[in-house]
file coords_11.cif (mmCIF, C-alpha atoms)
data_final
#
loop_
_atom_site.label_atom_id
_atom_site.label_comp_id
_atom_site.auth_asym_id
_atom_site.auth_seq_id
_atom_site.Cartn_x
_atom_site.Cartn_y
_atom_site.Cartn_z
CA MET K 1 -43.40 157.03 -151.98
CA SER K 2 -44.59 155.71 -148.64
CA SER K 3 -43.41 156.00 -145.05
CA PRO K 4 -43.43 153.17 -142.46
CA SER K 5 -46.61 154.59 -140.93
CA GLN K 6 -47.22 151.70 -138.53
CA TYR K 7 -43.69 151.93 -137.19
CA MET K 8 -44.00 155.68 -136.69
CA HIS K 9 -47.41 155.37 -135.07
CA LEU K 10 -46.20 152.76 -132.59
CA ASN K 11 -43.34 154.99 -131.48
CA ALA K 12 -44.95 158.39 -132.05
CA ASN K 13 -45.09 159.42 -128.38
CA GLU K 14 -41.46 158.43 -127.81
CA TYR K 15 -40.31 160.35 -130.90
CA ALA K 16 -42.37 163.42 -129.96
CA GLN K 17 -40.94 163.47 -126.44
CA GLN K 18 -37.40 163.22 -127.78
CA LEU K 19 -38.04 166.00 -130.28
CA LYS K 20 -39.52 168.15 -127.50
CA SER K 21 -36.65 167.57 -125.05
CA ASP K 22 -33.64 167.42 -127.42
CA GLY K 23 -34.91 169.51 -130.33
CA VAL K 24 -34.09 166.69 -132.76
CA VAL K 25 -34.99 163.05 -133.45
CA ALA K 26 -33.78 160.51 -136.02
CA ILE K 27 -35.78 157.56 -137.40
CA GLU K 28 -34.00 155.00 -139.58
CA GLY K 29 -35.83 153.19 -142.38
CA TYR K 30 -38.27 155.94 -143.30
CA LEU K 31 -37.60 155.19 -146.98
CA ASP K 32 -36.22 151.96 -148.42
CA GLU K 33 -32.91 151.83 -150.29
CA ASP K 34 -34.44 151.32 -153.74
CA THR K 35 -36.68 154.37 -153.37
CA CYS K 36 -33.73 156.48 -152.21
CA GLN K 37 -31.58 155.39 -155.13
CA ARG K 38 -34.34 156.06 -157.65
CA LEU K 39 -35.01 159.52 -156.22
CA PHE K 40 -31.30 160.32 -156.17
CA GLU K 41 -30.99 159.48 -159.88
CA ASP K 42 -34.24 161.26 -160.80
CA ILE K 43 -33.00 164.43 -159.07
CA ARG K 44 -29.35 164.23 -160.15
CA ASP K 45 -29.94 163.78 -163.88
CA PRO K 46 -32.04 166.93 -164.55
CA ILE K 47 -29.44 169.02 -162.70
CA ASN K 48 -26.46 167.52 -164.53
CA ASN K 49 -28.24 167.76 -167.89
CA GLU K 50 -29.53 171.28 -167.13
CA ARG K 51 -33.15 170.28 -167.62
CA MET K 52 -34.05 172.82 -164.95
CA ASP K 53 -32.95 176.40 -164.34
CA VAL K 54 -29.56 176.71 -162.65
CA VAL K 55 -28.46 179.96 -160.98
CA ASP K 56 -25.39 181.09 -159.05
CA GLY K 57 -25.79 181.72 -155.33
CA GLY K 58 -26.41 185.32 -154.34
CA GLU K 59 -28.22 186.32 -157.52
CA PHE K 60 -31.70 185.78 -156.09
CA SER K 61 -33.30 185.90 -152.65
CA TYR K 62 -34.76 182.87 -150.87
CA GLU K 63 -38.26 184.24 -151.52
CA GLU K 64 -37.55 184.65 -155.23
CA LEU K 65 -36.22 181.12 -155.50
CA SER K 66 -39.18 179.70 -153.56
CA ASN K 67 -41.59 181.41 -155.95
CA TRP K 68 -39.66 180.44 -159.09
CA ASP K 69 -41.70 179.29 -162.06
CA GLY K 70 -40.71 175.62 -161.83
CA ALA K 71 -37.70 173.90 -160.30
CA VAL K 72 -34.47 175.86 -159.91
CA ALA K 73 -31.04 174.72 -158.69
CA ASN K 74 -29.18 177.35 -156.69
CA LYS K 75 -25.39 176.79 -156.65
CA ARG K 76 -24.13 178.20 -153.39
CA HIS K 77 -20.80 179.95 -152.92
CA ALA K 78 -18.73 181.29 -150.01
CA ARG K 79 -19.00 179.06 -146.93
CA ASP K 80 -21.17 176.46 -148.70
CA GLU K 81 -19.16 176.32 -151.92
CA GLY K 82 -20.14 173.14 -153.77
CA MET K 83 -23.67 172.83 -152.37
CA ILE K 84 -26.68 172.78 -154.70
CA ASP K 85 -30.03 173.80 -153.19
CA VAL K 86 -32.94 172.77 -155.43
CA PHE K 87 -36.22 174.63 -154.97
CA ASN K 88 -39.65 173.39 -156.16
CA ILE K 89 -38.34 169.89 -156.83
CA ASP K 90 -41.93 168.61 -156.62
CA ASP K 91 -42.59 170.39 -159.94
CA VAL K 92 -40.14 167.97 -161.57
CA ILE K 93 -40.81 164.89 -159.43
CA PRO K 94 -44.44 165.02 -158.19
CA GLU K 95 -43.81 161.96 -156.01
CA VAL K 96 -41.75 164.14 -153.67
CA GLU K 97 -44.88 166.05 -152.64
CA SER K 98 -46.02 163.05 -150.60
CA PHE K 99 -43.00 163.59 -148.34
CA LYS K 100 -43.92 167.24 -147.84
CA LEU K 101 -47.52 166.31 -147.05
CA ASP K 102 -46.75 163.27 -144.86
CA ALA K 103 -49.26 163.56 -141.99
CA ASP K 104 -47.20 161.30 -139.73
CA ILE K 105 -44.28 163.74 -139.74
CA ASN K 106 -46.54 166.75 -139.33
CA ASP K 107 -48.42 165.11 -136.43
CA LEU K 108 -45.14 164.27 -134.70
CA ILE K 109 -43.99 167.88 -134.96
CA ASN K 110 -47.29 169.19 -133.62
CA ALA K 111 -47.16 166.75 -130.71
CA ALA K 112 -43.79 168.27 -129.72
CA ALA K 113 -44.62 171.93 -130.43
CA PRO K 114 -46.72 174.42 -128.45
CA GLU K 115 -48.57 175.53 -131.57
CA THR K 116 -49.71 174.06 -134.88
CA TYR K 117 -47.20 173.82 -137.72
CA THR K 118 -47.83 173.16 -141.41
CA PRO K 119 -45.44 172.30 -144.28
CA ASP K 120 -44.24 175.07 -146.60
CA ASN K 121 -41.85 173.80 -149.26
CA VAL K 122 -39.69 170.82 -150.08
CA ASN K 123 -36.08 171.24 -151.23
CA ILE K 124 -33.08 169.12 -152.12
CA TYR K 125 -29.62 169.72 -150.61
CA TRP K 126 -26.87 168.13 -152.69
CA ASN K 127 -23.42 168.54 -151.16
CA ARG K 128 -20.37 167.50 -153.13
CA SER K 129 -16.92 168.14 -151.65
CA VAL K 130 -18.27 170.97 -149.46
CA THR K 131 -15.16 171.31 -147.32
CA THR K 132 -16.17 174.57 -145.63
CA THR K 133 -19.60 175.09 -144.10
CA ARG K 134 -21.26 177.64 -141.83
CA ASP K 135 -20.57 176.97 -138.16
CA PHE K 136 -23.35 176.13 -135.67
CA HIS K 137 -26.32 178.47 -135.95
CA ALA K 138 -30.08 178.71 -135.61
CA ASP K 139 -32.25 179.39 -138.64
CA THR K 140 -34.59 181.58 -136.61
CA TYR K 141 -35.80 181.98 -133.04
CA GLY K 142 -39.33 182.63 -134.28
CA GLY K 143 -40.46 179.02 -134.76
CA LYS K 144 -39.46 176.64 -137.55
CA PHE K 145 -39.01 172.89 -137.95
CA LYS K 146 -37.39 170.92 -140.75
CA SER K 147 -37.54 167.28 -141.71
CA PHE K 148 -34.68 165.67 -143.63
CA VAL K 149 -34.34 162.34 -145.40
CA TYR K 150 -30.93 161.10 -146.45
CA LEU K 151 -31.11 159.87 -150.05
CA THR K 152 -27.48 158.72 -149.89
CA ASP K 153 -25.58 156.88 -147.16
CA VAL K 154 -23.82 159.10 -144.62
CA PRO K 155 -21.62 156.50 -142.87
CA ASP K 156 -19.13 158.86 -141.23
CA ARG K 157 -18.27 162.53 -140.74
CA SER K 158 -16.35 162.77 -144.00
CA TYR K 159 -19.72 162.69 -145.83
CA GLY K 160 -20.99 165.85 -144.10
CA PRO K 161 -23.73 164.66 -141.71
CA PHE K 162 -26.35 166.98 -140.30
CA SER K 163 -25.16 167.93 -136.81
CA TYR K 164 -27.18 169.32 -133.91
CA ALA K 165 -26.43 170.62 -130.42
CA LYS K 166 -29.18 168.92 -128.42
CA GLY K 167 -31.16 171.11 -126.02
CA THR K 168 -30.18 174.41 -127.62
CA HIS K 169 -33.67 174.87 -129.09
CA GLU K 170 -34.91 176.33 -125.81
CA VAL K 171 -35.29 180.07 -126.46
CA SER K 172 -35.29 182.89 -123.91
CA ASP K 173 -35.06 186.68 -124.14
CA VAL K 174 -31.68 186.55 -122.40
CA LYS K 175 -30.31 184.02 -124.92
CA VAL K 176 -31.58 185.98 -127.92
CA LYS K 177 -30.34 189.36 -126.68
CA THR K 178 -26.95 188.04 -125.52
CA SER K 179 -26.35 186.13 -128.76
CA SER K 180 -27.32 189.15 -130.81
CA LEU K 181 -24.95 191.43 -128.87
CA VAL K 182 -21.98 189.06 -129.01
CA ASN K 183 -22.47 188.38 -132.71
CA LYS K 184 -22.81 192.09 -133.44
CA ILE K 185 -19.39 192.66 -131.86
CA LYS K 186 -17.98 189.76 -133.93
CA ASN K 187 -19.74 191.07 -137.08
CA LYS K 188 -21.61 187.76 -137.48
CA PRO K 189 -25.29 186.93 -138.08
CA SER K 190 -27.38 187.33 -134.92
CA THR K 191 -28.36 183.63 -134.89
CA ASP K 192 -24.82 182.22 -134.94
CA ALA K 193 -24.13 179.93 -131.98
CA VAL K 194 -22.56 181.58 -128.95
CA PHE K 195 -23.11 179.29 -125.98
CA TYR K 196 -23.35 175.52 -126.34
CA ASP K 197 -21.58 172.42 -125.04
CA GLU K 198 -19.63 170.32 -127.54
CA GLU K 199 -20.64 167.23 -125.57
CA ASP K 200 -24.26 167.86 -126.57
CA VAL K 201 -23.47 167.82 -130.30
CA GLU K 202 -24.62 164.78 -132.27
CA CYS K 203 -23.49 164.12 -135.83
CA PHE K 204 -26.20 162.11 -137.55
CA THR K 205 -24.23 159.50 -139.45
CA ALA K 206 -26.84 157.11 -140.80
CA PRO K 207 -27.86 155.00 -143.81
CA LYS K 208 -29.92 156.33 -146.69
CA GLY K 209 -33.64 156.45 -145.91
CA THR K 210 -33.11 157.90 -142.42
CA LEU K 211 -35.55 160.64 -141.39
CA ILE K 212 -34.37 163.48 -139.14
CA ILE K 213 -36.73 166.07 -137.66
CA ALA K 214 -35.25 169.17 -136.05
CA ASN K 215 -36.38 172.33 -134.30
CA GLN K 216 -34.43 174.96 -136.23
CA ALA K 217 -34.18 177.28 -133.23
CA GLY K 218 -31.52 174.83 -132.02
CA TYR K 219 -27.91 175.18 -133.11
CA HIS K 220 -27.10 173.00 -136.11
CA ARG K 221 -24.85 172.75 -139.14
CA GLY K 222 -23.84 170.50 -142.00
CA HIS K 223 -20.49 168.98 -141.06
CA PRO K 224 -17.69 169.83 -143.55
CA GLN K 225 -17.03 167.09 -146.09
CA GLU K 226 -13.80 165.64 -147.39
CA GLU K 227 -12.94 165.99 -151.06
CA GLY K 228 -14.77 163.45 -153.21
CA ARG K 229 -17.64 162.87 -150.76
CA GLU K 230 -21.27 163.63 -151.52
CA ARG K 231 -24.53 163.73 -149.61
CA MET K 232 -28.03 164.31 -150.93
CA LEU K 233 -31.04 164.87 -148.72
CA MET K 234 -34.64 165.91 -149.14
CA THR K 235 -35.96 168.53 -146.71
CA THR K 236 -39.30 170.12 -145.86
CA SER K 237 -39.79 173.30 -143.82
CA TYR K 238 -42.65 173.71 -141.35
CA THR K 239 -43.83 177.05 -139.95
CA PRO K 240 -46.69 178.06 -137.60
CA ALA K 241 -50.10 177.84 -139.22
CA GLU K 242 -51.75 181.18 -139.90
#

call {"tool": "encode", "arguments": {"input": "coords_11.cif", "output": "structure tokens"}}
result
Amino acid sequence: MSSPSQYMHLNANEYAQQLKSDGVVAIEGYLDEDTCQRLFEDIRDPINNERMDVVDGGEFSYEELSNWDGAVANKRHARDEGMIDVFNIDDVIPEVESFKLDADINDLINAAAPETYTPDNVNIYWNRSVTTTRDFHADTYGGKFKSFVYLTDVPDRSYGPFSYAKGTHEVSDVKVKTSSLVNKIKNKPSTDAVFYDEEDVECFTAPKGTLIIANQAGYHRGHPQEEGRERMLMTTSYTPAE
């Protein structure tokens, strides 16, 4: 697997500035169509044929799944019913590790961030007819980036594109405390979105091979799909270096 390094290098400053100001940036053509199709099939088949462990959502914690002995597909329920989250996919497809370790992506993140970030783990999100998803939220206000690559085409909203409220990644004590208080009253997670402008939301409809990098302190969600639609993406998490 290879990224268009020259293309990313030529536009690195522009991408970093956009990531810094908006909290998100998209780059089409990161992977070619043939590579995306091959990866999609290589990931799909072991899941469908149960050649990896498959568990029901809620049985194990994120930490337990991350430290699983080999690849494990976690079938989510509740708001993300129909989504399969595959942990340790690089144990099954070693080629995927080159995406996790791509220095161009890591350098772009570090150019936009106030501290140094390093990659943690690479996962697969496979959404099939996920008609109900969690509303806009932040993953954490403590510092986390993610990179995503669409392995299937996401031509319109019915396919469940990644969506992001641009500019909401800016964190302040007032925002954190207010959001926490409002969500406590509503009996919702403290990082659920409270204040954002719908006009700032961008749904990233794009062809397969598109790379998206996002500051996860910003409000984001996977858009609900229509029945019969699917979307597969590959994602890596980045956290502050110790």

call {"tool": "closest_atom_pairs", "arguments": {"input": "coords_11.cif", "of": "segment 26-74 of chain K", "to": "segment 210-214 of chain K", "cutoff": "12 Å", "atoms": "all atoms listed in the file", "output": "CSV"}}
result
residue,atom,partner,partner_atom,distance
K:Ala26,CA,K:Ile212,CA,4.3
K:Ile27,CA,K:Leu211,CA,5.0
K:Glu28,CA,K:Thr210,CA,4.2
K:Gly29,CA,K:Thr210,CA,5.4
K:Tyr30,CA,K:Thr210,CA,5.6
K:Leu31,CA,K:Thr210,CA,6.9
K:Asp32,CA,K:Thr210,CA,9.0
K:Glu33,CA,K:Thr210,CA,9.9
K:Cys36,CA,K:Thr210,CA,9.9

call {"tool": "closest_residue", "arguments": {"input": "coords_11.cif", "among": "K:Asp104, K:Lys184, K:Val201, K:Leu39", "to": "Asp90 of chain K", "atoms": "all atoms listed in the file"}}
result
K:Leu39

call {"tool": "residues_around", "arguments": {"input": "coords_11.cif", "residues": "segment 128-143 of chain K", "least_positions_apart": "3", "cutoff": "6 Å", "atoms": "only C-alpha atoms", "output": "ChimeraX atom specification"}}
result
/K:79-82,191-193,216-221,224-230

call {"tool": "residues_around", "arguments": {"input": "coords_11.cif", "residues": "segment 67-72 of chain K", "least_positions_apart": "5", "cutoff": "12 Å", "atoms": "only C-alpha atoms", "output": "compact mmCIF listing (two decimals) with C-alpha atoms, keeping the file's coordinate frame"}}
result
# COMPACT_ATOMS: atom_id res chain seq x y z
CA ILE K 43 -33.00 164.43 -159.07
CA PRO K 46 -32.04 166.93 -164.55
CA ILE K 47 -29.44 169.02 -162.70
CA GLU K 50 -29.53 171.28 -167.13
CA ARG K 51 -33.15 170.28 -167.62
CA MET K 52 -34.05 172.82 -164.95
CA ASP K 53 -32.95 176.40 -164.34
CA VAL K 54 -29.56 176.71 -162.65
CA VAL K 55 -28.46 179.96 -160.98
CA ASP K 56 -25.39 181.09 -159.05
CA GLY K 57 -25.79 181.72 -155.33
CA PHE K 60 -31.70 185.78 -156.09
CA SER K 61 -33.30 185.90 -152.65
CA TYR K 62 -34.76 182.87 -150.87
CA ILE K 84 -26.68 172.78 -154.70
CA ASP K 85 -30.03 173.80 -153.19
CA VAL K 86 -32.94 172.77 -155.43
CA PHE K 87 -36.22 174.63 -154.97
CA ASN K 88 -39.65 173.39 -156.16
CA ILE K 89 -38.34 169.89 -156.83
CA ASP K 90 -41.93 168.61 -156.62
CA ASP K 91 -42.59 170.39 -159.94
CA VAL K 92 -40.14 167.97 -161.57
CA ILE K 93 -40.81 164.89 -159.43
CA PRO K 94 -44.44 165.02 -158.19
CA ASP K 120 -44.24 175.07 -146.60
CA ASN K 121 -41.85 173.80 -149.26
CA VAL K 122 -39.69 170.82 -150.08
CA ASN K 123 -36.08 171.24 -151.23
CA ILE K 124 -33.08 169.12 -152.12

call {"tool": "axis_aligned_box", "arguments": {"input": "coords_11.cif", "around": "segment 56-75 of chain K", "padding_each_side": "6 Å", "output": "JSON"}}
result
{"center_x": -33.5, "center_y": 180.1, "center_z": -156.5, "size_x": 28.3, "size_y": 24.4, "size_z": 23.2}

call {"tool": "resolve_selection", "arguments": {"input": "coords_11.cif", "expression": "the PyMOL selection byres ((chain K and resi 107-118) around 12)", "output": "PyMOL selection string"}}
result
chain K and resi 5+8-25+27+100-106+119-121+142-147+169-170+212-216+236-242
